[in-house]
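Below is query-v3.cif, holding mmCIF, C-alpha atoms and all ligand atoms.
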```cif
data_model
loop_
_atom_site.label_atom_id
_atom_site.label_comp_id
_atom_site.auth_asym_id
_atom_site.auth_seq_id
_atom_site.Cartn_x
_atom_site.Cartn_y
_atom_site.Cartn_z
CA MET S 1004 18.56 7.96 -60.04
CA ARG S 1005 14.80 7.34 -60.36
CA LYS S 1006 12.48 10.18 -59.36
CA LEU S 1007 11.04 8.46 -56.25
CA GLU S 1008 14.48 7.64 -54.89
CA GLN S 1009 15.64 11.21 -55.60
CA THR S 1010 12.78 12.58 -53.50
CA LEU S 1011 13.52 10.08 -50.75
CA SER S 1012 17.12 11.39 -50.73
CA GLY S 1013 15.80 14.87 -49.99
CA ILE S 1014 15.69 16.31 -53.51
CA THR S 1015 12.69 18.52 -54.41
CA ASN S 1016 11.11 17.41 -57.70
CA SER S 1017 8.57 19.39 -59.67
CA PRO S 1018 6.15 17.86 -60.52
CA PRO S 1019 6.54 15.46 -57.57
CA PRO S 1020 6.73 11.70 -58.12
CA LEU S 1021 3.30 10.08 -58.04
CA TRP S 1022 1.92 6.66 -57.10
CA LEU S 1023 -1.24 5.60 -55.23
CA MET S 1024 -1.74 3.21 -52.35
CA ARG S 1025 -3.74 0.17 -53.58
CA GLN S 1026 -3.18 1.32 -57.16
CA ALA S 1027 -3.63 -2.30 -58.23
CA GLY S 1028 -7.10 -3.43 -57.26
CA ARG S 1029 -10.78 -3.82 -57.74
CA TYR S 1030 -11.43 -0.39 -59.35
CA LEU S 1031 -9.62 -1.69 -62.47
CA PRO S 1032 -11.51 -4.05 -64.83
CA GLU S 1033 -8.25 -5.74 -65.85
CA TYR S 1034 -7.54 -6.50 -62.15
CA LYS S 1035 -10.96 -8.09 -61.74
CA ALA S 1036 -10.31 -10.27 -64.79
CA THR S 1037 -6.91 -11.47 -63.49
CA ARG S 1038 -8.34 -11.97 -60.01
CA ALA S 1039 -11.12 -14.17 -61.45
CA GLN S 1040 -8.50 -16.18 -63.33
CA ALA S 1041 -6.43 -16.66 -60.14
CA GLY S 1042 -9.29 -17.84 -57.91
CA SER S 1043 -9.06 -16.48 -54.38
CA PHE S 1044 -7.21 -13.33 -53.27
CA MET S 1045 -4.57 -15.50 -51.55
CA ASP S 1046 -4.15 -17.55 -54.77
CA LEU S 1047 -3.44 -14.28 -56.59
CA CYS S 1048 -0.88 -13.15 -53.97
CA LEU S 1049 0.89 -16.52 -54.16
CA ASN S 1050 1.03 -16.73 -57.98
CA PRO S 1051 4.19 -14.81 -59.05
CA THR S 1052 3.18 -14.46 -62.71
CA LEU S 1053 -0.31 -13.12 -61.97
CA ALA S 1054 0.88 -10.99 -59.02
CA ALA S 1055 3.46 -9.39 -61.36
CA GLU S 1056 0.74 -8.85 -63.98
CA VAL S 1057 -1.59 -6.95 -61.59
CA THR S 1058 1.37 -4.94 -60.26
CA LEU S 1059 2.11 -3.79 -63.82
CA GLN S 1060 -1.51 -3.02 -64.81
CA PRO S 1061 -1.73 0.46 -63.22
CA ILE S 1062 1.75 1.34 -64.58
CA ARG S 1063 0.63 0.53 -68.14
CA ARG S 1064 -2.53 2.60 -67.72
CA TYR S 1065 -1.19 5.65 -65.87
CA GLY S 1066 2.63 5.58 -65.98
CA PHE S 1067 3.01 6.12 -62.23
CA ASP S 1068 6.53 6.77 -60.93
CA ALA S 1069 6.40 3.65 -58.76
CA ALA S 1070 4.82 0.21 -58.74
CA ILE S 1071 4.05 -1.48 -55.41
CA ILE S 1072 4.31 -5.25 -55.46
CA PHE S 1073 0.93 -6.93 -55.30
CA SER S 1074 0.82 -8.85 -52.02
CA ASP S 1075 -0.61 -8.27 -48.54
CA ILE S 1076 0.66 -7.45 -45.06
CA LEU S 1077 -0.92 -10.73 -43.88
CA ILE S 1078 1.70 -12.77 -45.78
CA ILE S 1079 3.81 -12.56 -42.59
CA PRO S 1080 1.22 -14.29 -40.34
CA TYR S 1081 0.79 -16.82 -43.17
CA ALA S 1082 4.56 -17.40 -43.32
CA LEU S 1083 4.54 -17.80 -39.51
CA GLY S 1084 2.16 -20.72 -39.92
CA HIS S 1085 -1.11 -18.89 -39.27
CA LYS S 1086 -4.24 -19.78 -41.17
CA VAL S 1087 -5.11 -16.71 -43.31
CA GLU S 1088 -8.24 -16.43 -45.46
CA PHE S 1089 -9.95 -13.53 -47.21
CA ILE S 1090 -13.72 -13.72 -47.21
CA GLU S 1091 -15.37 -12.02 -50.18
CA GLY S 1092 -17.02 -8.77 -49.12
CA GLU S 1093 -15.88 -9.15 -45.48
CA GLY S 1094 -12.10 -9.13 -45.32
CA PRO S 1095 -9.40 -11.22 -43.71
CA ARG S 1096 -9.94 -14.00 -41.16
CA LEU S 1097 -7.00 -15.45 -39.26
CA SER S 1098 -6.68 -18.09 -36.58
CA LYS S 1099 -6.73 -16.08 -33.32
CA LEU S 1100 -3.58 -16.11 -31.26
CA PRO S 1101 -4.15 -17.15 -27.62
CA GLU S 1102 -2.31 -15.38 -24.79
CA GLN S 1103 -0.38 -18.62 -24.28
CA PHE S 1104 0.91 -18.33 -27.82
CA GLN S 1105 4.46 -19.27 -26.79
CA GLN S 1106 3.21 -22.84 -27.09
CA TRP S 1107 2.48 -22.26 -30.78
CA ARG S 1108 5.83 -22.41 -32.49
CA LEU S 1109 5.80 -19.24 -34.57
CA GLU S 1110 8.58 -19.89 -37.05
CA LEU S 1111 8.98 -18.05 -40.29
CA ASN S 1112 8.85 -20.36 -43.29
CA PRO S 1113 10.58 -18.60 -46.22
CA LYS S 1114 8.78 -20.91 -48.67
CA ASN S 1115 5.51 -19.14 -47.80
CA TYR S 1116 6.78 -15.64 -48.70
CA GLN S 1117 8.97 -16.75 -51.62
CA PRO S 1118 6.13 -16.25 -54.19
CA THR S 1119 6.14 -12.49 -53.34
CA CYS S 1120 9.91 -12.35 -53.89
CA ASP S 1121 9.52 -14.23 -57.19
CA ALA S 1122 6.81 -11.73 -58.21
CA ILE S 1123 9.23 -8.87 -57.38
CA GLY S 1124 11.91 -10.38 -59.65
CA LYS S 1125 9.45 -10.84 -62.51
CA THR S 1126 7.99 -7.34 -62.08
CA ARG S 1127 11.38 -5.59 -61.91
CA ALA S 1128 12.41 -7.29 -65.16
CA LEU S 1129 9.29 -5.97 -66.94
CA LEU S 1130 9.03 -2.46 -65.43
CA PRO S 1131 10.32 0.61 -67.28
CA VAL S 1132 13.80 1.49 -65.91
CA GLU S 1133 12.58 4.86 -64.61
CA THR S 1134 9.81 3.27 -62.50
CA SER S 1135 10.69 2.32 -58.91
CA LEU S 1136 9.46 -0.96 -57.44
CA ILE S 1137 8.24 -0.75 -53.84
CA GLY S 1138 8.36 -3.76 -51.52
CA PHE S 1139 6.44 -3.64 -48.24
CA CYS S 1140 5.34 -5.21 -45.00
CA GLY S 1141 2.94 -4.35 -42.20
CA ALA S 1142 4.49 -2.80 -39.10
CA PRO S 1143 4.76 -5.20 -36.13
CA TRP S 1144 1.88 -3.54 -34.21
CA THR S 1145 -0.53 -3.58 -37.17
CA VAL S 1146 0.24 -7.21 -38.05
CA ALA S 1147 -0.07 -8.15 -34.36
CA CYS S 1148 -3.58 -6.61 -34.36
CA TYR S 1149 -4.76 -9.05 -37.07
CA MET S 1150 -3.07 -12.02 -35.34
CA ILE S 1151 -4.60 -11.20 -31.93
CA ASP S 1152 -8.13 -10.26 -33.04
CA GLY S 1153 -8.20 -12.62 -36.02
CA ARG S 1154 -9.93 -10.05 -38.25
CA GLY S 1155 -10.27 -6.35 -39.07
CA GLY S 1156 -12.53 -4.14 -36.93
CA ALA S 1157 -12.05 -2.35 -33.62
CA PHE S 1158 -9.13 -4.57 -32.47
CA ARG S 1159 -10.49 -4.68 -28.92
CA GLN S 1160 -8.42 -7.68 -27.90
CA SER S 1161 -5.22 -6.12 -29.24
CA LYS S 1162 -5.84 -2.92 -27.28
CA LEU S 1163 -6.46 -5.04 -24.15
CA TRP S 1164 -3.17 -6.89 -24.66
CA ALA S 1165 -1.41 -3.50 -24.96
CA ALA S 1166 -3.03 -2.36 -21.70
CA ASN S 1167 -2.96 -5.57 -19.61
CA GLN S 1168 -0.48 -7.99 -21.18
CA PRO S 1169 2.53 -5.90 -22.16
CA GLN S 1170 5.01 -8.77 -21.72
CA VAL S 1171 2.97 -11.08 -23.95
CA LEU S 1172 2.49 -8.40 -26.60
CA GLU S 1173 6.20 -7.53 -26.50
CA LYS S 1174 7.13 -11.17 -27.18
CA LEU S 1175 4.85 -11.23 -30.23
CA ILE S 1176 6.18 -7.88 -31.45
CA GLU S 1177 9.76 -9.15 -31.08
CA ILE S 1178 8.96 -12.17 -33.30
CA LEU S 1179 7.34 -9.83 -35.85
CA ILE S 1180 10.34 -7.46 -35.91
CA GLN S 1181 12.69 -10.34 -36.75
CA ALA S 1182 10.31 -11.89 -39.30
CA SER S 1183 9.59 -8.56 -41.01
CA ALA S 1184 13.30 -7.68 -41.26
CA GLU S 1185 14.04 -11.03 -42.91
CA TYR S 1186 11.09 -10.56 -45.28
CA LEU S 1187 12.00 -6.98 -46.25
CA LEU S 1188 15.63 -7.96 -46.89
CA ALA S 1189 14.47 -10.86 -49.08
CA GLN S 1190 12.37 -8.35 -51.06
CA VAL S 1191 15.41 -6.06 -51.54
CA GLN S 1192 17.46 -9.07 -52.65
CA ALA S 1193 14.72 -9.95 -55.15
CA GLY S 1194 14.76 -6.45 -56.72
CA ALA S 1195 12.68 -4.03 -54.62
CA ASN S 1196 14.12 -0.48 -54.93
CA VAL S 1197 12.24 1.15 -52.03
CA LEU S 1198 10.35 -0.25 -49.01
CA GLN S 1199 7.19 0.88 -47.23
CA ILE S 1200 6.10 -0.12 -43.71
CA PHE S 1201 2.31 0.08 -43.28
CA ASP S 1202 1.29 0.85 -39.68
CA SER S 1203 -2.39 1.21 -40.54
CA HIS S 1204 -3.53 0.86 -36.93
CA ALA S 1205 -0.89 3.09 -35.28
CA GLY S 1206 -3.69 5.55 -34.43
CA LEU S 1207 -5.17 3.06 -31.91
CA LEU S 1208 -2.29 3.82 -29.55
CA GLN S 1209 -1.26 6.95 -27.71
CA GLY S 1210 1.46 8.09 -25.30
CA GLU S 1211 3.60 5.34 -23.76
CA ALA S 1212 1.85 2.62 -25.76
CA PHE S 1213 2.57 4.48 -29.03
CA LYS S 1214 6.23 4.67 -28.01
CA ASN S 1215 6.44 1.01 -27.02
CA TYR S 1216 4.52 -0.60 -29.88
CA VAL S 1217 4.86 1.83 -32.79
CA ILE S 1218 8.06 3.88 -32.38
CA GLU S 1219 10.36 1.26 -30.81
CA PRO S 1220 9.53 -1.73 -33.05
CA THR S 1221 9.71 0.47 -36.18
CA LYS S 1222 13.10 1.78 -35.08
CA GLN S 1223 14.40 -1.76 -34.49
CA LEU S 1224 12.99 -3.07 -37.77
CA ILE S 1225 14.61 -0.23 -39.75
CA ALA S 1226 17.94 -0.74 -37.95
CA LEU S 1227 17.92 -4.47 -38.81
CA VAL S 1228 17.13 -3.79 -42.47
CA LYS S 1229 19.64 -0.96 -42.84
CA ALA S 1230 22.40 -2.99 -41.14
CA LYS S 1231 22.32 -5.31 -44.18
CA ALA S 1232 20.98 -2.94 -46.87
CA PRO S 1233 22.28 0.52 -45.88
CA ALA S 1234 21.30 2.22 -49.16
CA ILE S 1235 17.63 1.21 -49.17
CA LYS S 1236 15.08 3.99 -48.55
CA ILE S 1237 12.11 3.21 -46.30
CA ILE S 1238 8.77 5.05 -46.19
CA GLY S 1239 6.68 4.71 -43.01
CA PHE S 1240 2.89 5.06 -42.83
CA PRO S 1241 1.78 5.60 -39.21
CA ARG S 1242 -1.90 6.00 -40.11
CA GLY S 1243 -3.93 7.90 -37.53
CA ALA S 1244 -0.88 9.32 -35.72
CA THR S 1245 -1.01 13.08 -35.21
CA GLY S 1246 0.64 15.89 -33.23
CA VAL S 1247 3.72 15.13 -31.16
CA GLU S 1248 3.45 11.40 -31.83
CA LEU S 1249 3.69 11.91 -35.58
CA GLU S 1250 6.62 14.27 -35.06
CA GLU S 1251 8.39 11.76 -32.83
CA TYR S 1252 7.83 9.05 -35.46
CA ALA S 1253 9.49 11.27 -38.10
CA THR S 1254 12.39 12.21 -35.83
CA THR S 1255 13.29 9.03 -33.98
CA THR S 1256 12.50 5.88 -36.00
CA GLY S 1257 15.17 6.29 -38.69
CA ILE S 1258 12.48 6.32 -41.39
CA ASP S 1259 13.43 8.11 -44.67
CA ALA S 1260 9.96 9.56 -45.41
CA VAL S 1261 6.59 9.74 -43.69
CA SER S 1262 3.34 8.89 -45.45
CA LEU S 1263 0.58 11.12 -44.06
CA ASP S 1264 -3.10 10.25 -43.90
CA THR S 1265 -6.07 12.38 -44.85
CA HIS S 1266 -6.57 13.73 -41.31
CA VAL S 1267 -3.18 15.44 -41.04
CA PRO S 1268 -3.67 19.19 -41.59
CA LEU S 1269 -1.53 20.70 -44.36
CA SER S 1270 0.11 23.00 -41.78
CA GLN S 1271 1.34 19.96 -39.83
CA ALA S 1272 2.41 18.24 -43.06
CA GLN S 1273 4.62 21.28 -43.75
CA LYS S 1274 6.19 20.93 -40.29
CA ILE S 1275 6.90 17.23 -40.82
CA GLN S 1276 8.38 18.04 -44.25
CA LYS S 1277 11.05 20.13 -42.48
CA ILE S 1278 12.11 16.89 -40.71
CA LYS S 1279 11.70 14.28 -43.50
CA PRO S 1280 10.28 14.02 -47.04
CA VAL S 1281 6.51 13.47 -46.89
CA GLN S 1282 4.03 11.48 -48.96
CA GLY S 1283 0.26 11.28 -49.22
CA LEU S 1284 -2.68 13.34 -47.99
CA LEU S 1285 -5.24 13.24 -50.82
CA ASN S 1286 -8.61 11.99 -49.57
CA PRO S 1287 -9.59 8.77 -51.44
CA THR S 1288 -13.19 10.08 -51.48
CA SER S 1289 -12.07 13.09 -53.57
CA LEU S 1290 -10.77 10.64 -56.15
CA VAL S 1291 -14.21 9.00 -56.25
CA ALA S 1292 -15.83 12.45 -56.61
CA GLY S 1293 -13.48 13.73 -59.36
CA GLY S 1294 -14.08 17.12 -61.05
CA LYS S 1295 -13.71 20.34 -59.06
CA THR S 1296 -13.45 18.57 -55.67
CA LEU S 1297 -10.47 16.58 -56.92
CA ALA S 1298 -8.84 19.56 -58.68
CA ASP S 1299 -9.20 21.91 -55.68
CA GLU S 1300 -7.81 19.44 -53.17
CA THR S 1301 -4.95 18.37 -55.46
CA HIS S 1302 -3.95 22.01 -56.06
CA ALA S 1303 -4.12 22.84 -52.34
CA ILE S 1304 -1.80 19.92 -51.53
CA LEU S 1305 0.61 20.83 -54.34
CA ARG S 1306 0.68 24.51 -53.24
CA SER S 1307 1.46 23.55 -49.63
CA LEU S 1308 4.12 20.90 -50.21
CA SER S 1309 5.84 21.54 -53.56
CA ASP S 1310 8.66 23.60 -52.04
CA GLY S 1311 10.19 20.55 -50.37
CA PRO S 1312 10.62 16.82 -50.99
CA PHE S 1313 7.13 15.42 -51.55
CA ILE S 1314 5.60 12.27 -53.06
CA PHE S 1315 2.05 12.71 -54.31
CA ASN S 1316 -0.20 9.92 -52.99
CA LEU S 1317 -3.50 9.26 -51.23
CA GLY S 1318 -4.01 9.50 -47.48
CA HIS S 1319 -5.21 5.86 -47.59
CA GLY S 1320 -5.88 3.22 -50.26
CA ILE S 1321 -7.99 3.67 -53.43
CA THR S 1322 -11.54 2.46 -52.87
CA PRO S 1323 -13.12 -0.04 -55.32
CA ASP S 1324 -15.81 2.49 -56.40
CA THR S 1325 -13.18 4.87 -57.87
CA PRO S 1326 -13.82 5.54 -61.58
CA PRO S 1327 -10.56 4.72 -63.45
CA GLU S 1328 -10.94 7.94 -65.50
CA HIS S 1329 -10.69 10.01 -62.29
CA VAL S 1330 -7.26 8.49 -61.70
CA ALA S 1331 -6.27 9.69 -65.21
CA GLU S 1332 -7.61 13.16 -64.26
CA LEU S 1333 -5.46 13.16 -61.14
CA VAL S 1334 -2.32 12.15 -63.06
CA ALA S 1335 -2.91 15.06 -65.46
CA LEU S 1336 -3.50 17.49 -62.58
CA VAL S 1337 -0.32 16.49 -60.74
CA ARG S 1338 1.77 16.50 -63.89
CA ASN S 1339 0.17 19.75 -64.97
CA GLN S 1340 -1.09 18.40 -68.28
CA THR S 1341 -4.48 19.00 -69.89
CA PRO S 1342 -6.51 15.79 -69.53
O1 LIG K 1401 -10.60 -8.95 -53.24
C1 LIG K 1401 -9.59 -8.27 -53.20
O2 LIG K 1401 -9.04 -7.89 -54.25
C2 LIG K 1401 -9.11 -7.97 -51.82
C3 LIG K 1401 -8.77 -6.56 -51.50
C4 LIG K 1401 -7.30 -6.45 -51.12
C5 LIG K 1401 -6.26 -5.97 -51.93
C6 LIG K 1401 -6.36 -5.45 -53.34
C7 LIG K 1401 -6.73 -6.88 -49.90
C8 LIG K 1401 -7.41 -7.53 -48.78
N1 LIG K 1401 -5.34 -6.65 -49.97
C9 LIG K 1401 -5.04 -6.10 -51.18
C10 LIG K 1401 -3.68 -5.79 -51.67
C11 LIG K 1401 -2.80 -4.99 -50.80
N2 LIG K 1401 -2.86 -4.90 -49.43
C12 LIG K 1401 -1.70 -4.23 -51.26
C13 LIG K 1401 -1.29 -4.30 -52.72
C14 LIG K 1401 -0.59 -3.37 -53.47
C15 LIG K 1401 -1.25 -2.03 -53.85
O3 LIG K 1401 -1.28 -1.12 -52.99
O4 LIG K 1401 -1.61 -1.86 -55.02
C16 LIG K 1401 -1.16 -3.59 -50.12
C17 LIG K 1401 -0.01 -2.61 -50.09
C18 LIG K 1401 -1.88 -4.03 -48.99
C19 LIG K 1401 -1.58 -3.66 -47.60
C20 LIG K 1401 -2.57 -3.93 -46.53
N3 LIG K 1401 -3.34 -5.05 -46.34
C21 LIG K 1401 -2.80 -3.07 -45.44
C22 LIG K 1401 -2.05 -1.78 -45.22
C23 LIG K 1401 -2.61 -0.66 -46.00
C24 LIG K 1401 -4.01 -0.20 -45.61
O5 LIG K 1401 -4.91 -0.34 -46.45
O6 LIG K 1401 -4.18 0.31 -44.48
C25 LIG K 1401 -3.78 -3.66 -44.62
C26 LIG K 1401 -4.36 -3.09 -43.33
C27 LIG K 1401 -4.11 -4.92 -45.18
C28 LIG K 1401 -5.07 -5.92 -44.65
C29 LIG K 1401 -6.16 -6.17 -45.60
N4 LIG K 1401 -6.01 -6.89 -46.74
C30 LIG K 1401 -7.19 -6.87 -47.46
C31 LIG K 1401 -8.13 -6.07 -46.74
C32 LIG K 1401 -9.54 -5.82 -47.16
C33 LIG K 1401 -7.47 -5.60 -45.59
C34 LIG K 1401 -8.03 -4.66 -44.54
C35 LIG K 1401 -8.84 -5.43 -43.57
C36 LIG K 1401 -9.46 -4.63 -42.44
O7 LIG K 1401 -8.74 -4.19 -41.53
O8 LIG K 1401 -10.68 -4.51 -42.46
#
```

Could I get this file's structure written as structure tokens?
Ligand code: 1CP
Amino acid sequence: MRKLEQTLSGITNSPPPLWLMRQAGRYLPEYKATRAQAGSFMDLCLNPTLAAEVTLQPIRRYGFDAAIIFSDILIIPYALGHKVEFIEGEGPRLSKLPEQFQQWRLELNPKNYQPTCDAIGKTRALLPVETSLIGFCGAPWTVACYMIDGRGGAFRQSKLWAANQPQVLEKLIEILIQASAEYLLAQVQAGANVLQIFDSHAGLLQGEAFKNYVIEPTKQLIALVKAKAPAIKIIGFPRGATGVELEEYATTTGIDAVSLDTHVPLSQAQKIQKIKPVQGLLNPTSLVAGGKTLADETHAILRSLSDGPFIFNLGHGITPDTPPEHVAELVALVRNQTP
């Protein structure tokens, strides 16, 4: 069994398996070259050959234990017929969903997500056998945020829907649960070995709302996927969740491992690790800094979490200003080699 899947089954590995969120991206010169060749970001996501190429680039450079397929969580709104664009230097722009969205027929068109599945097939065929391939989607709440507000930011409209329009939000979430389950299963069919659900905006919700829009939809999505693919391991990333909410996420959703963000204290990470394998924690800014900052934080994380199942990763994605040689430093630190 590959190292990542071993850890996800509860085995403690030393050194732990290592991969980084957004490991393919603008900090790598070879990514920038392929991106320029593809045209827009969406063109790159929808080109299976080039998407496979950028997925493989960080594996060739650093030999991570897992590759994550190059795509985006906004492929689901796109496959539901939404207009999705990425504006250079600004981020995504989507057609905003009105409260009367039932009149828009939101139907999942498999043709629109098929390029990601084709990229998975191509990547799996080219990856070293010992490297896991991770498929992913956004969690229903986080994807709903982009569909409701039409862009990244404070997600004011989405929070208002959660507070004032629970029935409308629930209908949208229900559509997203079904669509995401179909999409994740298609990725498994295409060759993904592990799945990750990104709930990047889970931290916008607390209490009852966290239960209704983060816990419940995640639980239903996992149940739908595991009903058809019982052996697949799923990592959940409820970014911004802390305290009892984070603990409830680990205990009740059926997730196999919890990815923890930079704000989770190591003492709480240790508590969560008693419930489920954990992943993450390194501050992406420490990777930009490198040197002693990076070494001290990496060692502190390793000291705290190496006695149980742990996947070394960042607390959030790599930033474009990260020097590629700092990533090599990190790999050496985690694998206990001299750089
Ligand atoms: O020009 C570029 O290259 C665009 C930057 C970029 C990249 C590299 C975007 C736009 N998406 C991606 C790829 C991506 N997105 C991956 C690829 C695989 C890898 O990790 O190597 C993944 C897993 C995602 C997931 C994703 N997209 C998330 C969840 C993770 C997270 O960062 O919290 C989110 C929230 C998105 C939306 C999105 N896509 C892109 C941007 C800039 C954003 C964030 C927008 C915002 O809220 O401001």

Contact check, chain S to ligand LIG 1401 (chain K), at most 6 Å, counting all atoms listed in the file, closest pairs as JSON lines:
```
{"residue": "S:Met1024", "atom": "CA", "partner": "K:LIG1401", "partner_atom": "O3", "distance": 4.4}
{"residue": "S:Arg1025", "atom": "CA", "partner": "K:LIG1401", "partner_atom": "O3", "distance": 2.8}
{"residue": "S:Gln1026", "atom": "CA", "partner": "K:LIG1401", "partner_atom": "O4", "distance": 4.1}
{"residue": "S:Ala1027", "atom": "CA", "partner": "K:LIG1401", "partner_atom": "O4", "distance": 3.8}
{"residue": "S:Gly1028", "atom": "CA", "partner": "K:LIG1401", "partner_atom": "C6", "distance": 4.5}
{"residue": "S:Arg1029", "atom": "CA", "partner": "K:LIG1401", "partner_atom": "O2", "distance": 5.6}
{"residue": "S:Phe1044", "atom": "CA", "partner": "K:LIG1401", "partner_atom": "O1", "distance": 5.5}
{"residue": "S:Ile1071", "atom": "CA", "partner": "K:LIG1401", "partner_atom": "C14", "distance": 5.4}
{"residue": "S:Ile1072", "atom": "CA", "partner": "K:LIG1401", "partner_atom": "C14", "distance": 5.6}
{"residue": "S:Phe1073", "atom": "CA", "partner": "K:LIG1401", "partner_atom": "C14", "distance": 4.3}
{"residue": "S:Ser1074", "atom": "CA", "partner": "K:LIG1401", "partner_atom": "C13", "distance": 5.1}
{"residue": "S:Asp1075", "atom": "CA", "partner": "K:LIG1401", "partner_atom": "N2", "distance": 4.1}
{"residue": "S:Ile1076", "atom": "CA", "partner": "K:LIG1401", "partner_atom": "N3", "distance": 4.8}
{"residue": "S:Gly1094", "atom": "CA", "partner": "K:LIG1401", "partner_atom": "C32", "distance": 4.6}
{"residue": "S:Pro1095", "atom": "CA", "partner": "K:LIG1401", "partner_atom": "C35", "distance": 5.8}
{"residue": "S:Gly1155", "atom": "CA", "partner": "K:LIG1401", "partner_atom": "O7", "distance": 3.6}
{"residue": "S:Gly1156", "atom": "CA", "partner": "K:LIG1401", "partner_atom": "O8", "distance": 5.8}
{"residue": "S:Phe1201", "atom": "CA", "partner": "K:LIG1401", "partner_atom": "C22", "distance": 5.1}
{"residue": "S:Ser1203", "atom": "CA", "partner": "K:LIG1401", "partner_atom": "O6", "distance": 4.4}
{"residue": "S:Gly1320", "atom": "CA", "partner": "K:LIG1401", "partner_atom": "O5", "distance": 5.3}
```

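Between Ser1161 of chain S and the residues S:Gly1210, S:Gly1124, S:Pro1101, S:Pro1051, the shortest atom-to-atom distance, using all atoms listed in the file, involves S:Pro1101.
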
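Taking only C-alpha atoms into account, Asn1316 of chain S lies nearest to S:Leu1021 out of the set S:Ile1304, S:Val1132, S:Leu1021, S:Met1004.
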
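With distances restricted to all atoms listed in the file, S:Ile1237 is the closest residue to Asn1196 of chain S from S:Ile1237, S:Val1337, S:Ala1036, S:Leu1305.
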
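Using all atoms listed in the file, the smallest distance between any of S:Lys1162, S:Lys1086, S:Lys1274, S:His1204 and Gly1243 of chain S comes from S:His1204.
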
For this session: Give me the residues within 9 Å of segment 1252-1267 of chain S as a PyMOL selection string, counting only C-alpha atoms and dropping any in the same chain fewer than 2 places off.
Result: chain S and resi 1011-1013+1214+1217-1223+1225-1226+1236-1250+1269-1272+1275-1276+1278-1287+1313-1314+1316-1319

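Distances here use only C-alpha atoms; by that measure, the residue among S:Leu1175, S:Glu1033, S:Leu1227, S:Ser1017 closest to Phe1104 of chain S is S:Leu1175.
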
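Residue nearest Ile1176 of chain S within the list S:Ile1151, S:His1302, S:Trp1022, S:Val1057: S:Ile1151 [criterion: smallest interatomic distance, only C-alpha atoms].
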
Seminar exercise, completed: Taken to one decimal, the atom CA of Glu1008 of chain S-atom CA of Lys1277 of chain S distance is 17.9 Å

Problem set entry | Residue contacts of Met1045 of chain S (12 Å, only C-alpha atoms) excluding same-chain residues fewer than 3 positions away, as a PyMOL selection string | chain S and resi 1038-1039+1041-1042+1048-1051+1053-1054+1073-1078+1081+1086-1091+1094-1096+1115-1116+1118-1119

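Taking atom CA of Asn1016 of chain S and atom CA of Thr1288 of chain S as endpoints, the distance between them is 26.1 Å.
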
For this session: Give me, please, the distance in Å between atom CA of Gly1206 of chain S and atom CA of Ser1307 of chain S, quoted to one decimal.
Result: 24.1 Å

Leu1179 of chain S: which residues within 12 Å, counting only C-alpha atoms, same-chain residues fewer than 2 positions away excluded, as a CSV table (one decimal) with C-alpha atoms, in the frame of the given file?
```csv
chain,number,residue,atom,x,y,z
S,1076,ILE,CA,0.7,-7.4,-45.1
S,1077,LEU,CA,-0.9,-10.7,-43.9
S,1078,ILE,CA,1.7,-12.8,-45.8
S,1079,ILE,CA,3.8,-12.6,-42.6
S,1080,PRO,CA,1.2,-14.3,-40.3
S,1082,ALA,CA,4.6,-17.4,-43.3
S,1083,LEU,CA,4.5,-17.8,-39.5
S,1109,LEU,CA,5.8,-19.2,-34.6
S,1110,GLU,CA,8.6,-19.9,-37.0
S,1111,LEU,CA,9.0,-18.0,-40.3
S,1140,CYS,CA,5.3,-5.2,-45.0
S,1141,GLY,CA,2.9,-4.4,-42.2
S,1142,ALA,CA,4.5,-2.8,-39.1
S,1143,PRO,CA,4.8,-5.2,-36.1
S,1144,TRP,CA,1.9,-3.5,-34.2
S,1145,THR,CA,-0.5,-3.6,-37.2
S,1146,VAL,CA,0.2,-7.2,-38.0
S,1147,ALA,CA,-0.1,-8.2,-34.4
S,1148,CYS,CA,-3.6,-6.6,-34.4
S,1150,MET,CA,-3.1,-12.0,-35.3
S,1172,LEU,CA,2.5,-8.4,-26.6
S,1173,GLU,CA,6.2,-7.5,-26.5
S,1174,LYS,CA,7.1,-11.2,-27.2
S,1175,LEU,CA,4.8,-11.2,-30.2
S,1176,ILE,CA,6.2,-7.9,-31.4
S,1177,GLU,CA,9.8,-9.2,-31.1
S,1181,GLN,CA,12.7,-10.3,-36.8
S,1182,ALA,CA,10.3,-11.9,-39.3
S,1183,SER,CA,9.6,-8.6,-41.0
S,1184,ALA,CA,13.3,-7.7,-41.3
S,1185,GLU,CA,14.0,-11.0,-42.9
S,1186,TYR,CA,11.1,-10.6,-45.3
S,1187,LEU,CA,12.0,-7.0,-46.2
S,1216,TYR,CA,4.5,-0.6,-29.9
S,1220,PRO,CA,9.5,-1.7,-33.0
S,1221,THR,CA,9.7,0.5,-36.2
S,1223,GLN,CA,14.4,-1.8,-34.5
S,1224,LEU,CA,13.0,-3.1,-37.8
```

Is it possible to get the axis-aligned box enclosing segment 1287-1297 of chain S (all listed atoms, 8 Å extra per side) as AutoDock Vina command-line options, with centre and edge lengths in Å rounded to one decimal?
```
--center_x -12.7 --center_y 14.6 --center_z -56.2 --size_x 22.2 --size_y 27.6 --size_z 25.6
```
